[in-house]
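Written out below as structure tokens is the structure these notes cover.
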Amino acid sequence: MAAWIDVIDENAMANGENLVVDIDGTDVAIFKVDDKFYALEDVCTHDGGEIASGTLEGDEIVCPRHGARFCIKTGEVKAPPAYENINCFPIRIEKGKVQVSDNRWD
């Protein structure tokens, strides 16, 4: 089972903000929306570029290059040109720390 990794203090981000952290060699975008945290791989499945610098609209991130849209809660594609979902990571709050787990190899 994958370990939980501390990434940020629970109160260090405002709603609508995101940051990118390295989890076991993978860039993971952490989003805060409506006081909840979400984590997904920082890659657009359309062209392999990063996604975190895109525009956050509600619970969707819009790719900064070609406009593909993804749900930050599930990684689901919401609009082309992407057709594959983005990998999501489990996330939790433990003792005031936001933690992420890389469960891809479990």
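Residue numbers start at 1 in each chain; chains themselves are named A, B, ... in the order of the structure tokens; ligands are numbered from 1 in the order shown.
Once region 94-106 of chain A and its same-chain neighbours fewer than 2 positions away are set aside, Met1, Ala2, Ala3, Trp4, Ile5, Asp6, Val7, Ile8, Asp9, Glu10, Asn11, Ala12, Val21, Ile23, Asp24, Thr26, Val28, Ile30, Phe37, Tyr38, Ala39, Leu40, Asn87, Cys88, Phe89, Pro90, Ile91 and Arg92 of chain A remain within 10 Å of it when counting only C-alpha atoms.
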TODO: Write down as a PyMOL selection string the residues belonging to chain A that are assigned strand (DSSP E or B) by DSSP computed on the backbone.
DONE: chain A and resi 4-9+18-23+26-33+36-41+55-57+60-62+69-71+77-79+88+91-94+97-101
Task: Which residue of A:Gly16, A:Glu50, A:Cys44, A:Lys36 approaches Gly75 (chain A) most closely, using only C-alpha atoms - done: A:Cys44
Open item on the list: Measuring between only C-alpha atoms, which one of A:Glu76, A:Met13, A:Asp35, A:Asn18 shows the shortest distance to Thr55 (chain A)?
Closed with: A:Asn18
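Between Ile51 (chain A) and the candidates A:Ala79, A:Ile86, A:Ala14, A:Val33, the tightest atom-to-atom separation, counting only C-alpha atoms, involves A:Ile86.
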- [ ] Using only C-alpha atoms, determine which residues lie at most 9 Å from Val20 (chain A), disregarding the query and same-chain residues fewer than 3 positions distant; provide the list as JSON, numbers by chain.
- [x] {"A": [27, 28, 29, 30, 31, 42, 52]}
Suppose we keep N, CA and C atoms; can you now write the selection as a PDB file, in the first residue's frame?
```pdb
ATOM      1  N   ASP A  27       4.722  14.845 -11.387  1.00  0.00           N
ATOM      2  CA  ASP A  27       4.152  16.143 -11.019  1.00  0.00           C
ATOM      3  C   ASP A  27       2.657  15.966 -10.763  1.00  0.00           C
ATOM      4  N   VAL A  28       2.236  16.395  -9.576  1.00  0.00           N
ATOM      5  CA  VAL A  28       0.838  16.279  -9.159  1.00  0.00           C
ATOM      6  C   VAL A  28       0.320  17.671  -8.841  1.00  0.00           C
ATOM      7  N   ALA A  29      -0.795  18.025  -9.463  1.00  0.00           N
ATOM      8  CA  ALA A  29      -1.435  19.320  -9.219  1.00  0.00           C
ATOM      9  C   ALA A  29      -2.428  19.162  -8.073  1.00  0.00           C
ATOM     10  N   ILE A  30      -2.275  20.019  -7.059  1.00  0.00           N
ATOM     11  CA  ILE A  30      -3.179  20.045  -5.917  1.00  0.00           C
ATOM     12  C   ILE A  30      -4.076  21.268  -6.085  1.00  0.00           C
ATOM     13  N   PHE A  31      -5.384  21.065  -6.053  1.00  0.00           N
ATOM     14  CA  PHE A  31      -6.360  22.139  -6.201  1.00  0.00           C
ATOM     15  C   PHE A  31      -7.174  22.266  -4.927  1.00  0.00           C
ATOM     16  N   ASP A  42      -0.331  16.259 -13.240  1.00  0.00           N
ATOM     17  CA  ASP A  42      -0.211  17.538 -13.950  1.00  0.00           C
ATOM     18  C   ASP A  42       0.184  17.289 -15.397  1.00  0.00           C
ATOM     19  N   ALA A  52      -1.770  22.421 -14.883  1.00  0.00           N
ATOM     20  CA  ALA A  52      -2.044  23.243 -13.697  1.00  0.00           C
ATOM     21  C   ALA A  52      -2.081  24.741 -13.960  1.00  0.00           C
TER      22      ALA A  52
END
```
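Straight-line separation from CA of Glu41 (chain A) to CA of Val77 (chain A): 13.2 Å.
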